[in-house]
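Here is final16.pdb, consisting of PDB, C-alpha atoms, pLDDT in the B column:
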ATOM      1  CA  MET J 964      62.284-324.138 -18.881  1.00 40.00           C
ATOM      2  CA  SER J 965      64.785-325.667 -16.482  1.00 43.00           C
ATOM      3  CA  SER J 966      67.727-325.470 -18.866  1.00 44.00           C
ATOM      4  CA  ILE J 967      67.683-321.645 -18.751  1.00 43.00           C
ATOM      5  CA  SER J 968      66.658-321.197 -15.116  1.00 54.00           C
ATOM      6  CA  ILE J 969      70.248-320.304 -14.217  1.00 61.00           C
ATOM      7  CA  LEU J 970      69.996-317.111 -16.267  1.00 58.00           C
ATOM      8  CA  PRO J 971      69.548-313.796 -14.438  1.00 64.00           C
ATOM      9  CA  ALA J 972      65.992-313.347 -13.175  1.00 61.00           C
ATOM     10  CA  HIS J 973      65.720-309.831 -14.614  1.00 61.00           C
ATOM     11  CA  TRP J 974      66.283-311.039 -18.170  1.00 66.00           C
ATOM     12  CA  SER J 975      63.250-310.756 -20.434  1.00 64.00           C
ATOM     13  CA  ARG J 976      61.517-313.752 -21.963  1.00 65.00           C
ATOM     14  CA  GLU J 977      62.874-312.695 -25.357  1.00 69.00           C
ATOM     15  CA  LYS J 978      66.478-312.666 -24.128  1.00 72.00           C
ATOM     16  CA  ARG J 979      66.071-316.038 -22.416  1.00 71.00           C
ATOM     17  CA  SER J 980      64.674-317.546 -25.605  1.00 72.00           C
ATOM     18  CA  ALA J 981      67.577-316.143 -27.617  1.00 76.00           C
ATOM     19  CA  VAL J 982      70.035-317.793 -25.223  1.00 79.00           C
ATOM     20  CA  ALA J 983      68.092-321.063 -25.447  1.00 77.00           C
ATOM     21  CA  ILE J 984      68.278-320.969 -29.253  1.00 78.00           C
ATOM     22  CA  ALA J 985      72.027-320.335 -29.171  1.00 84.00           C
ATOM     23  CA  VAL J 986      72.625-323.136 -26.660  1.00 83.00           C
ATOM     24  CA  ALA J 987      70.476-325.617 -28.607  1.00 82.00           C
ATOM     25  CA  VAL J 988      72.166-324.800 -31.928  1.00 85.00           C
ATOM     26  CA  ALA J 989      75.603-325.090 -30.299  1.00 89.00           C
ATOM     27  CA  SER J 990      74.577-328.426 -28.787  1.00 87.00           C
ATOM     28  CA  LEU J 991      73.470-329.727 -32.187  1.00 87.00           C
ATOM     29  CA  LEU J 992      76.704-328.663 -33.845  1.00 89.00           C
ATOM     30  CA  ALA J 993      78.780-330.138 -31.012  1.00 91.00           C
ATOM     31  CA  PHE J 994      76.873-333.418 -31.225  1.00 90.00           C
ATOM     32  CA  LEU J 995      77.418-333.685 -34.979  1.00 90.00           C
ATOM     33  CA  TRP J 996      81.096-332.753 -34.639  1.00 92.00           C
ATOM     34  CA  LEU J 997      81.952-334.990 -31.694  1.00 91.00           C
ATOM     35  CA  MET J 998      79.538-337.935 -31.895  1.00 92.00           C
ATOM     36  CA  ALA J 999      82.117-340.170 -33.560  1.00 94.00           C
ATOM     37  CA  ILE J1000      84.279-340.098 -30.411  1.00 93.00           C
ATOM     38  CA  PRO J1001      81.890-341.854 -27.984  1.00 93.00           C
ATOM     39  CA  LEU J1002      80.647-344.145 -30.749  1.00 93.00           C
ATOM     40  CA  SER J1003      84.232-345.267 -31.398  1.00 94.00           C
ATOM     41  CA  TRP J1004      84.358-346.652 -27.856  1.00 94.00           C
ATOM     42  CA  ALA J1005      81.465-349.037 -28.567  1.00 92.00           C
ATOM     43  CA  PRO J1006      82.132-352.695 -29.488  1.00 91.00           C
ATOM     44  CA  ASP J1007      81.761-354.090 -32.980  1.00 91.00           C
ATOM     45  CA  PRO J1008      80.052-353.323 -35.261  1.00 93.00           C
ATOM     46  CA  ILE J1009      79.438-349.776 -33.934  1.00 95.00           C
ATOM     47  CA  GLY J1010      82.950-348.686 -32.947  1.00 93.00           C
ATOM     48  CA  PRO J1011      84.719-349.290 -36.275  1.00 94.00           C
ATOM     49  CA  ALA J1012      81.878-347.523 -38.129  1.00 94.00           C
ATOM     50  CA  ALA J1013      81.660-344.510 -35.802  1.00 95.00           C
ATOM     51  CA  GLN J1014      82.733-342.010 -38.442  1.00 95.00           C
ATOM     52  CA  GLN J1015      80.238-343.441 -40.920  1.00 95.00           C
ATOM     53  CA  PHE J1016      77.423-342.854 -38.437  1.00 96.00           C
ATOM     54  CA  ALA J1017      78.638-339.295 -37.868  1.00 95.00           C
ATOM     55  CA  ASP J1018      78.843-338.575 -41.597  1.00 95.00           C
ATOM     56  CA  GLY J1019      75.391-340.058 -42.164  1.00 95.00           C
ATOM     57  CA  ALA J1020      73.901-337.935 -39.381  1.00 95.00           C
ATOM     58  CA  MET J1021      75.490-334.832 -40.921  1.00 95.00           C
ATOM     59  CA  VAL J1022      73.888-335.585 -44.303  1.00 95.00           C
ATOM     60  CA  THR J1023      70.519-336.143 -42.591  1.00 95.00           C
ATOM     61  CA  VAL J1024      70.697-332.749 -40.865  1.00 94.00           C
ATOM     62  CA  GLN J1025      71.816-331.035 -44.075  1.00 95.00           C
ATOM     63  CA  LEU J1026      68.856-332.505 -45.949  1.00 95.00           C
ATOM     64  CA  THR J1027      66.453-331.521 -43.188  1.00 94.00           C
ATOM     65  CA  VAL J1028      67.644-327.927 -42.772  1.00 92.00           C
ATOM     66  CA  ALA J1029      67.878-327.186 -46.504  1.00 95.00           C
ATOM     67  CA  ALA J1030      64.532-328.801 -47.332  1.00 96.00           C
ATOM     68  CA  GLY J1031      62.935-327.156 -44.283  1.00 94.00           C
ATOM     69  CA  VAL J1032      63.984-323.643 -45.316  1.00 94.00           C
ATOM     70  CA  ILE J1033      62.939-324.148 -48.941  1.00 96.00           C
ATOM     71  CA  GLY J1034      59.716-325.772 -47.789  1.00 95.00           C
ATOM     72  CA  ILE J1035      58.769-322.764 -45.660  1.00 94.00           C
ATOM     73  CA  VAL J1036      59.435-320.322 -48.517  1.00 95.00           C
ATOM     74  CA  LEU J1037      57.482-322.549 -50.896  1.00 96.00           C
ATOM     75  CA  GLY J1038      54.703-322.884 -48.336  1.00 95.00           C
ATOM     76  CA  VAL J1039      54.336-319.100 -48.065  1.00 94.00           C
ATOM     77  CA  LEU J1040      54.139-318.733 -51.859  1.00 95.00           C
ATOM     78  CA  ILE J1041      51.610-321.551 -52.252  1.00 96.00           C
ATOM     79  CA  ALA J1042      49.501-320.228 -49.369  1.00 94.00           C
ATOM     80  CA  LEU J1043      49.374-316.785 -50.989  1.00 93.00           C
ATOM     81  CA  ALA J1044      48.516-318.382 -54.328  1.00 94.00           C
ATOM     82  CA  LYS J1045      45.644-320.307 -52.753  1.00 94.00           C
ATOM     83  CA  LEU J1046      44.318-317.085 -51.195  1.00 91.00           C
ATOM     84  CA  SER J1047      44.711-315.153 -54.447  1.00 88.00           C
ATOM     85  CA  ARG J1048      41.736-313.604 -56.219  1.00 88.00           C
ATOM     86  CA  PHE J1049      43.131-314.943 -59.509  1.00 90.00           C
ATOM     87  CA  LEU J1050      41.213-318.188 -60.083  1.00 92.00           C
ATOM     88  CA  PRO J1051      43.824-320.054 -62.208  1.00 93.00           C
ATOM     89  CA  LEU J1052      46.439-319.376 -59.534  1.00 94.00           C
ATOM     90  CA  ARG J1053      44.122-320.714 -56.811  1.00 94.00           C
ATOM     91  CA  LEU J1054      43.366-323.818 -58.843  1.00 96.00           C
ATOM     92  CA  LEU J1055      47.056-324.438 -59.523  1.00 96.00           C
ATOM     93  CA  ALA J1056      47.919-324.118 -55.826  1.00 96.00           C
ATOM     94  CA  SER J1057      45.040-326.406 -54.840  1.00 96.00           C
ATOM     95  CA  PHE J1058      46.126-328.982 -57.424  1.00 97.00           C
ATOM     96  CA  TYR J1059      49.706-328.911 -56.130  1.00 96.00           C
ATOM     97  CA  ILE J1060      48.590-329.441 -52.531  1.00 96.00           C
ATOM     98  CA  TRP J1061      46.157-332.182 -53.565  1.00 96.00           C
ATOM     99  CA  VAL J1062      48.767-334.128 -55.536  1.00 96.00           C
ATOM    100  CA  ILE J1063      51.620-333.812 -53.040  1.00 96.00           C
ATOM    101  CA  ARG J1064      49.558-334.562 -49.935  1.00 94.00           C
ATOM    102  CA  GLY J1065      47.762-337.406 -51.702  1.00 95.00           C
ATOM    103  CA  THR J1066      50.823-339.348 -52.856  1.00 96.00           C
ATOM    104  CA  PRO J1067      53.523-341.097 -50.786  1.00 96.00           C
ATOM    105  CA  LEU J1068      56.769-339.244 -50.186  1.00 95.00           C
ATOM    106  CA  LEU J1069      58.655-342.347 -51.330  1.00 94.00           C
ATOM    107  CA  VAL J1070      57.018-342.092 -54.752  1.00 96.00           C
ATOM    108  CA  GLN J1071      57.908-338.403 -54.931  1.00 96.00           C
ATOM    109  CA  VAL J1072      61.566-339.128 -54.138  1.00 96.00           C
ATOM    110  CA  LEU J1073      61.717-341.809 -56.841  1.00 95.00           C
ATOM    111  CA  PHE J1074      59.914-339.507 -59.284  1.00 94.00           C
ATOM    112  CA  MET J1075      62.415-336.693 -58.806  1.00 93.00           C
ATOM    113  CA  TYR J1076      65.358-339.050 -59.269  1.00 93.00           C
ATOM    114  CA  MET J1077      64.123-341.313 -62.069  1.00 91.00           C
ATOM    115  CA  ALA J1078      61.185-339.719 -63.880  1.00 92.00           C
ATOM    116  CA  LEU J1079      62.048-336.010 -63.824  1.00 89.00           C
ATOM    117  CA  PRO J1080      65.119-336.398 -66.123  1.00 87.00           C
ATOM    118  CA  SER J1081      62.863-338.163 -68.650  1.00 87.00           C
ATOM    119  CA  LEU J1082      60.349-335.326 -68.601  1.00 88.00           C
ATOM    120  CA  LEU J1083      63.034-332.619 -68.623  1.00 85.00           C
ATOM    121  CA  PRO J1084      65.995-334.004 -70.633  1.00 82.00           C
ATOM    122  CA  GLY J1085      68.204-331.055 -69.748  1.00 79.00           C
ATOM    123  CA  VAL J1086      67.736-331.593 -66.014  1.00 80.00           C
ATOM    124  CA  GLN J1087      69.889-334.162 -64.225  1.00 83.00           C
ATOM    125  CA  LEU J1088      69.859-334.020 -60.442  1.00 87.00           C
ATOM    126  CA  SER J1089      72.244-335.844 -58.156  1.00 92.00           C
ATOM    127  CA  ASP J1090      70.844-338.282 -55.614  1.00 93.00           C
ATOM    128  CA  PHE J1091      71.209-335.694 -52.829  1.00 95.00           C
ATOM    129  CA  ASN J1092      69.568-332.896 -54.823  1.00 95.00           C
ATOM    130  CA  SER J1093      66.751-335.202 -55.947  1.00 95.00           C
ATOM    131  CA  ALA J1094      65.990-336.052 -52.338  1.00 96.00           C
ATOM    132  CA  LEU J1095      66.278-332.378 -51.370  1.00 96.00           C
ATOM    133  CA  VAL J1096      63.795-331.269 -54.032  1.00 96.00           C
ATOM    134  CA  ALA J1097      61.339-334.040 -53.147  1.00 96.00           C
ATOM    135  CA  LEU J1098      61.477-333.270 -49.426  1.00 96.00           C
ATOM    136  CA  ALA J1099      61.154-329.516 -49.994  1.00 97.00           C
ATOM    137  CA  VAL J1100      58.219-329.912 -52.376  1.00 96.00           C
ATOM    138  CA  ASN J1101      56.513-332.282 -49.940  1.00 96.00           C
ATOM    139  CA  ALA J1102      57.105-329.978 -46.962  1.00 95.00           C
ATOM    140  CA  GLY J1103      55.891-326.987 -48.991  1.00 95.00           C
ATOM    141  CA  ALA J1104      52.459-328.552 -49.490  1.00 95.00           C
ATOM    142  CA  TYR J1105      51.964-329.201 -45.778  1.00 95.00           C
ATOM    143  CA  ASN J1106      53.436-325.840 -44.782  1.00 95.00           C
ATOM    144  CA  ALA J1107      51.139-324.042 -47.227  1.00 95.00           C
ATOM    145  CA  GLU J1108      48.014-325.244 -45.427  1.00 93.00           C
ATOM    146  CA  SER J1109      49.443-324.297 -42.033  1.00 93.00           C
ATOM    147  CA  ILE J1110      50.440-320.817 -43.221  1.00 93.00           C
ATOM    148  CA  ARG J1111      47.134-320.293 -45.027  1.00 92.00           C
ATOM    149  CA  ALA J1112      45.268-321.157 -41.836  1.00 91.00           C
ATOM    150  CA  GLY J1113      47.479-318.700 -39.931  1.00 90.00           C
ATOM    151  CA  ILE J1114      46.752-315.894 -42.390  1.00 89.00           C
ATOM    152  CA  MET J1115      43.017-316.538 -42.240  1.00 89.00           C
ATOM    153  CA  ALA J1116      43.153-316.539 -38.422  1.00 88.00           C
ATOM    154  CA  VAL J1117      44.321-312.902 -38.338  1.00 86.00           C
ATOM    155  CA  HIS J1118      41.290-310.671 -37.785  1.00 82.00           C
ATOM    156  CA  ARG J1119      40.281-308.665 -40.844  1.00 81.00           C
ATOM    157  CA  GLY J1120      40.225-305.542 -38.728  1.00 82.00           C
ATOM    158  CA  GLN J1121      44.018-305.684 -38.525  1.00 81.00           C
ATOM    159  CA  ALA J1122      44.285-305.127 -42.279  1.00 79.00           C
ATOM    160  CA  GLU J1123      41.615-302.431 -42.256  1.00 81.00           C
ATOM    161  CA  ALA J1124      43.421-300.570 -39.476  1.00 85.00           C
ATOM    162  CA  ALA J1125      46.721-300.777 -41.339  1.00 81.00           C
ATOM    163  CA  ARG J1126      45.153-299.496 -44.550  1.00 81.00           C
ATOM    164  CA  SER J1127      43.560-296.594 -42.651  1.00 82.00           C
ATOM    165  CA  LEU J1128      47.055-295.601 -41.506  1.00 82.00           C
ATOM    166  CA  GLY J1129      48.170-295.328 -45.126  1.00 82.00           C
ATOM    167  CA  LEU J1130      49.990-298.625 -45.519  1.00 81.00           C
ATOM    168  CA  SER J1131      49.972-300.208 -48.957  1.00 82.00           C
ATOM    169  CA  PRO J1132      48.609-303.773 -49.410  1.00 80.00           C
ATOM    170  CA  PHE J1133      52.177-305.112 -49.546  1.00 81.00           C
ATOM    171  CA  GLN J1134      53.224-303.206 -46.425  1.00 84.00           C
ATOM    172  CA  THR J1135      50.082-304.363 -44.645  1.00 85.00           C
ATOM    173  CA  PHE J1136      50.870-307.985 -45.380  1.00 83.00           C
ATOM    174  CA  ARG J1137      54.595-307.669 -44.647  1.00 83.00           C
ATOM    175  CA  ASP J1138      54.377-305.663 -41.424  1.00 83.00           C
ATOM    176  CA  VAL J1139      50.975-306.597 -39.959  1.00 85.00           C
ATOM    177  CA  ILE J1140      49.436-309.779 -41.354  1.00 86.00           C
ATOM    178  CA  PHE J1141      52.402-312.047 -41.997  1.00 86.00           C
ATOM    179  CA  PRO J1142      54.172-311.662 -38.612  1.00 85.00           C
ATOM    180  CA  GLN J1143      50.981-312.541 -36.763  1.00 85.00           C
ATOM    181  CA  SER J1144      50.019-315.370 -39.099  1.00 87.00           C
ATOM    182  CA  PHE J1145      53.503-316.878 -38.971  1.00 85.00           C
ATOM    183  CA  ARG J1146      53.408-316.911 -35.175  1.00 84.00           C
ATOM    184  CA  ILE J1147      50.035-318.667 -35.290  1.00 85.00           C
ATOM    185  CA  ALA J1148      51.313-321.191 -37.856  1.00 87.00           C
ATOM    186  CA  LEU J1149      54.590-321.846 -36.045  1.00 84.00           C
ATOM    187  CA  PRO J1150      53.518-324.874 -33.945  1.00 83.00           C
ATOM    188  CA  PRO J1151      52.414-326.952 -36.976  1.00 87.00           C
ATOM    189  CA  LEU J1152      55.477-325.749 -38.897  1.00 88.00           C
ATOM    190  CA  VAL J1153      57.657-327.031 -36.052  1.00 84.00           C
ATOM    191  CA  ASN J1154      55.939-330.416 -36.263  1.00 86.00           C
ATOM    192  CA  ASN J1155      56.475-330.473 -40.030  1.00 90.00           C
ATOM    193  CA  ILE J1156      60.209-329.843 -39.674  1.00 88.00           C
ATOM    194  CA  VAL J1157      60.611-332.563 -37.026  1.00 87.00           C
ATOM    195  CA  SER J1158      58.687-334.942 -39.290  1.00 90.00           C
ATOM    196  CA  LEU J1159      60.944-333.891 -42.154  1.00 92.00           C
ATOM    197  CA  LEU J1160      63.981-335.031 -40.183  1.00 92.00           C
ATOM    198  CA  LYS J1161      62.501-338.514 -39.894  1.00 92.00           C
ATOM    199  CA  ASP J1162      61.164-338.530 -43.466  1.00 93.00           C
ATOM    200  CA  SER J1163      64.662-337.782 -44.781  1.00 93.00           C
ATOM    201  CA  SER J1164      65.423-341.462 -44.134  1.00 92.00           C
ATOM    202  CA  LEU J1165      63.536-342.239 -47.369  1.00 93.00           C
ATOM    203  CA  ALA J1166      66.434-340.715 -49.294  1.00 93.00           C
ATOM    204  CA  TYR J1167      68.268-344.027 -48.843  1.00 92.00           C
ATOM    205  CA  VAL J1168      66.193-345.592 -51.667  1.00 92.00           C
ATOM    206  CA  ILE J1169      68.037-343.504 -54.263  1.00 93.00           C
ATOM    207  CA  GLY J1170      71.470-344.012 -52.718  1.00 90.00           C
ATOM    208  CA  VAL J1171      71.879-340.938 -50.515  1.00 93.00           C
ATOM    209  CA  VAL J1172      74.314-341.953 -47.785  1.00 91.00           C
ATOM    210  CA  GLU J1173      72.314-340.570 -44.874  1.00 93.00           C
ATOM    211  CA  LEU J1174      71.885-342.104 -41.442  1.00 94.00           C
ATOM    212  CA  SER J1175      69.424-344.875 -42.375  1.00 94.00           C
ATOM    213  CA  ASN J1176      71.505-345.876 -45.378  1.00 94.00           C
ATOM    214  CA  VAL J1177      74.623-346.080 -43.200  1.00 95.00           C
ATOM    215  CA  GLY J1178      72.820-348.313 -40.723  1.00 94.00           C
ATOM    216  CA  ASN J1179      71.540-350.584 -43.487  1.00 94.00           C
ATOM    217  CA  ARG J1180      75.033-350.912 -44.996  1.00 94.00           C
ATOM    218  CA  ILE J1181      76.666-351.721 -41.676  1.00 95.00           C
ATOM    219  CA  GLN J1182      74.095-354.342 -40.696  1.00 94.00           C
ATOM    220  CA  SER J1183      74.321-355.996 -44.115  1.00 93.00           C
ATOM    221  CA  VAL J1184      78.060-356.492 -43.570  1.00 93.00           C
ATOM    222  CA  SER J1185      78.043-357.320 -39.860  1.00 90.00           C
ATOM    223  CA  PHE J1186      74.760-359.281 -39.759  1.00 91.00           C
ATOM    224  CA  GLN J1187      74.037-357.588 -36.414  1.00 92.00           C
ATOM    225  CA  PRO J1188      70.883-355.532 -37.008  1.00 93.00           C
ATOM    226  CA  VAL J1189      69.961-355.087 -33.318  1.00 95.00           C
ATOM    227  CA  PRO J1190      72.913-352.945 -32.136  1.00 95.00           C
ATOM    228  CA  VAL J1191      73.107-351.135 -35.469  1.00 95.00           C
ATOM    229  CA  PHE J1192      69.494-350.009 -35.612  1.00 95.00           C
ATOM    230  CA  ILE J1193      69.366-349.242 -31.896  1.00 96.00           C
ATOM    231  CA  THR J1194      72.290-346.889 -32.532  1.00 96.00           C
ATOM    232  CA  VAL J1195      70.528-345.356 -35.541  1.00 96.00           C
ATOM    233  CA  ALA J1196      67.331-344.904 -33.531  1.00 96.00           C
ATOM    234  CA  CYS J1197      69.206-343.254 -30.643  1.00 95.00           C
ATOM    235  CA  ILE J1198      70.907-340.815 -33.007  1.00 95.00           C
ATOM    236  CA  TYR J1199      67.572-339.910 -34.589  1.00 95.00           C
ATOM    237  CA  LEU J1200      66.067-339.460 -31.116  1.00 94.00           C
ATOM    238  CA  ILE J1201      68.839-337.076 -30.078  1.00 93.00           C
ATOM    239  CA  LEU J1202      68.547-335.102 -33.331  1.00 93.00           C
ATOM    240  CA  THR J1203      64.764-334.758 -33.101  1.00 91.00           C
ATOM    241  CA  THR J1204      64.990-333.774 -29.419  1.00 90.00           C
ATOM    242  CA  VAL J1205      67.548-331.029 -30.069  1.00 89.00           C
ATOM    243  CA  MET J1206      65.695-329.723 -33.124  1.00 85.00           C
ATOM    244  CA  THR J1207      62.448-329.670 -31.138  1.00 84.00           C
ATOM    245  CA  GLN J1208      64.204-327.597 -28.461  1.00 83.00           C
ATOM    246  CA  ILE J1209      65.477-325.168 -31.117  1.00 82.00           C
ATOM    247  CA  SER J1210      62.022-324.877 -32.679  1.00 79.00           C
ATOM    248  CA  GLY J1211      60.374-324.423 -29.286  1.00 76.00           C
ATOM    249  CA  ALA J1212      62.805-321.649 -28.367  1.00 78.00           C
ATOM    250  CA  ILE J1213      62.115-319.916 -31.687  1.00 77.00           C
ATOM    251  CA  GLU J1214      58.392-320.210 -31.004  1.00 74.00           C
ATOM    252  CA  ARG J1215      58.832-318.535 -27.615  1.00 73.00           C
ATOM    253  CA  GLN J1216      61.033-315.882 -29.208  1.00 71.00           C
ATOM    254  CA  LEU J1217      58.273-314.980 -31.669  1.00 69.00           C
ATOM    255  CA  ASP J1218      55.522-315.137 -29.078  1.00 65.00           C
ATOM    256  CA  VAL J1219      55.648-311.384 -28.641  1.00 49.00           C
ATOM    257  CA  GLU J1220      52.336-311.149 -26.804  1.00 49.00           C
ATOM    258  CA  ARG J1221      53.845-312.972 -23.827  1.00 50.00           C
ATOM    259  CA  HIS J1222      57.183-311.147 -23.705  1.00 47.00           C
ATOM    260  CA  LYS J1223      57.824-309.295 -20.520  1.00 46.00           C
TER     261      LYS J1223
END

This structure in structure tokens:
Amino acid sequence: MSSISILPAHWSREKRSAVAIAVAVASLLAFLWLMAIPLSWAPDPIGPAAQQFADGAMVTVQLTVAAGVIGIVLGVLIALAKLSRFLPLRLLASFYIWVIRGTPLLVQVLFMYMALPSLLPGVQLSDFNSALVALAVNAGAYNAESIRAGIMAVHRGQAEAARSLGLSPFQTFRDVIFPQSFRIALPPLVNNIVSLLKDSSLAYVIGVVELSNVGNRIQSVSFQPVPVFITVACIYLILTTVMTQISGAIERQLDVERHK
């Protein structure tokens, strides 16, 4: 990777990847913190709304990161449930994946915001939390299949060898199976998180003031959709590029078989 070629040649692949992760995360934070400055130099309608674009981008990243983390945890649990020997648990996990992957994310967002309080009268989620739950639940279904495939790709002999060394089933999964399966599942998980960043734009339908919502508000006042949505698209492109770099560096960091 050319961006880390200036690092000392004797550094290991693992150390180079760690530096790449740190640089990419710092770049993302710097972009979110400082993006309003160059945008303020742009002509109307972009310049006067620079801070709104920055705030909307921050909300988009917050939604993506929070839903991504919850979605991975949920994906692990659902994957284990689908591989369980307990039939009702397998059926429940399969039903969850079938429903979530078979219905539009937009419907799920609206369901969490409008229908869930009717089903659970004591539960009242804000617009942000409704979008967060919908995105996390959606990501969990897709992550579950990726993680399940990763677990099944680990050779059965790995578990047998671990058990012969005296490891318990939990220790075998925690120390032997899961690290290998997660590394195998990482590429599709990376794609899911990048897709989640773009899918977070659907949160605008319930009033979350994220990047797409900001763009829609500004163009409705200025009647200049071309510069507004070009700006929105460029911000999304920068965010997805940086997050892809972070995810790629993490993938190389976990690719222990190729570390030198």

As an exercise, work out the distance from CA of Asn1092 in chain J to CA of Phe1145 in chain J in Å and give it to one decimal place.
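Computing the Euclidean distance for CA of Asn1092 in chain J and CA of Phe1145 in chain J yields 27.7 Å.
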
With the file shown as input, list the residues that the PyMOL selection byres ((chain J and resi 1154-1156) around 8) selects, as a VMD selection string.
chain J and resid 1027 1031 1102 1105 to 1106 1150 to 1153 1157 to 1160

Write the residues of the preceding selection, restricted to C-alpha atoms, as a PDB file, keeping the file's coordinate frame.
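Here's the written file again.pdb:
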ATOM      1  CA  THR J1027      66.453-331.521 -43.188  1.00 94.00           C
ATOM      2  CA  GLY J1031      62.935-327.156 -44.283  1.00 94.00           C
ATOM      3  CA  ALA J1102      57.105-329.978 -46.962  1.00 95.00           C
ATOM      4  CA  TYR J1105      51.964-329.201 -45.778  1.00 95.00           C
ATOM      5  CA  ASN J1106      53.436-325.840 -44.782  1.00 95.00           C
ATOM      6  CA  PRO J1150      53.518-324.874 -33.945  1.00 83.00           C
ATOM      7  CA  PRO J1151      52.414-326.952 -36.976  1.00 87.00           C
ATOM      8  CA  LEU J1152      55.477-325.749 -38.897  1.00 88.00           C
ATOM      9  CA  VAL J1153      57.657-327.031 -36.052  1.00 84.00           C
ATOM     10  CA  VAL J1157      60.611-332.563 -37.026  1.00 87.00           C
ATOM     11  CA  SER J1158      58.687-334.942 -39.290  1.00 90.00           C
ATOM     12  CA  LEU J1159      60.944-333.891 -42.154  1.00 92.00           C
ATOM     13  CA  LEU J1160      63.981-335.031 -40.183  1.00 92.00           C
TER      14      LEU J1160
END

Anything within 7 Å of (66.3, -334.1, -42.4): list those residues as a ChimeraX atom specification, counting only C-alpha atoms and sticking to the file's coordinates.
/J:1023-1028,1159-1163

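Applied to this file, the PyMOL selection byres ((chain J and resi 1113-1126) around 7) selects the residues J:Ser1109, J:Ile1110, J:Arg1111, J:Ala1112, J:Ser1127, J:Leu1128, J:Gly1129, J:Leu1130, J:Ser1131, J:Thr1135, J:Ile1140, J:Phe1141, J:Gln1143, J:Ser1144, J:Phe1145, J:Ile1147, J:Ala1148.
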
Kindly provide the residues of range 1100-1213 of chain J that approach range 983-1006 of chain J to within 7 Å, each paired with its closest atom pair and their distance in Å to one decimal, based on only C-alpha atoms, listed by chain and increasing number, as JSON lines.
{"residue": "J:Val1205", "atom": "CA", "partner": "J:Ala987", "partner_atom": "CA", "distance": 6.3}
{"residue": "J:Gln1208", "atom": "CA", "partner": "J:Ala987", "partner_atom": "CA", "distance": 6.6}
{"residue": "J:Ile1209", "atom": "CA", "partner": "J:Ile984", "partner_atom": "CA", "distance": 5.4}
{"residue": "J:Ala1212", "atom": "CA", "partner": "J:Ile984", "partner_atom": "CA", "distance": 5.6}
{"residue": "J:Ile1213", "atom": "CA", "partner": "J:Ile984", "partner_atom": "CA", "distance": 6.7}

With only C-alpha atoms as the atoms that count, which of J:Val1189, J:Ala1099, J:Ile1201, J:Leu1174 lies nearest to Ile1033 in chain J?
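The answer is J:Ala1099, which sits nearest to Ile1033 in chain J.
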
Taking all atoms of range 1107-1125 of chain J that appear in the file, build a box with edges along x, y and z, extend it by 4 Å on every side, and state its centre and edge lengths in Å to one decimal, as JSON.
{"center_x": 45.7, "center_y": -312.9, "center_z": -42.5, "size_x": 18.9, "size_y": 32.7, "size_z": 17.4}

Go through J:Leu1040, J:Ile1169, J:Leu1068, J:Leu1200 and flag the residue nearest Asn1101 in chain J, using only C-alpha atoms for the distances.
J:Leu1068

Selection in question (the file shown): the PyMOL selection byres ((chain J and resi 1168) around 10). Which residues does it include, as a PDB file with C-alpha atoms, in the coordinates of the input?
ATOM      1  CA  LEU J1069      58.655-342.347 -51.330  1.00 94.00           C
ATOM      2  CA  VAL J1072      61.566-339.128 -54.138  1.00 96.00           C
ATOM      3  CA  LEU J1073      61.717-341.809 -56.841  1.00 95.00           C
ATOM      4  CA  ASP J1090      70.844-338.282 -55.614  1.00 93.00           C
ATOM      5  CA  ALA J1094      65.990-336.052 -52.338  1.00 96.00           C
ATOM      6  CA  SER J1164      65.423-341.462 -44.134  1.00 92.00           C
ATOM      7  CA  LEU J1165      63.536-342.239 -47.369  1.00 93.00           C
ATOM      8  CA  ALA J1166      66.434-340.715 -49.294  1.00 93.00           C
ATOM      9  CA  TYR J1167      68.268-344.027 -48.843  1.00 92.00           C
ATOM     10  CA  ILE J1169      68.037-343.504 -54.263  1.00 93.00           C
ATOM     11  CA  GLY J1170      71.470-344.012 -52.718  1.00 90.00           C
ATOM     12  CA  VAL J1171      71.879-340.938 -50.515  1.00 93.00           C
ATOM     13  CA  VAL J1172      74.314-341.953 -47.785  1.00 91.00           C
ATOM     14  CA  SER J1175      69.424-344.875 -42.375  1.00 94.00           C
ATOM     15  CA  ASN J1176      71.505-345.876 -45.378  1.00 94.00           C
TER      16      ASN J1176
END

Smallest atom-to-atom distance to Gln1071 in chain J: which of J:Ala981, J:Phe1016, J:Ser1093, J:Ser1210, using all atoms listed in the file?
J:Ser1093

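Here CA of Arg1146 in chain J and CA of Val1032 in chain J stand 16.1 Å from one another.
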
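Relative to CA of Gly1065 in chain J, CA of Ala1078 in chain J is found at 18.3 Å.
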
Check the smallest atom-to-atom distance from each of J:Gly1085, J:Gly1103, J:Pro1142, J:Pro1011 to Trp1061 in chain J using all atoms listed in the file, then report the winner.
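Closest to Trp1061 in chain J, using all atoms listed in the file: J:Gly1103.
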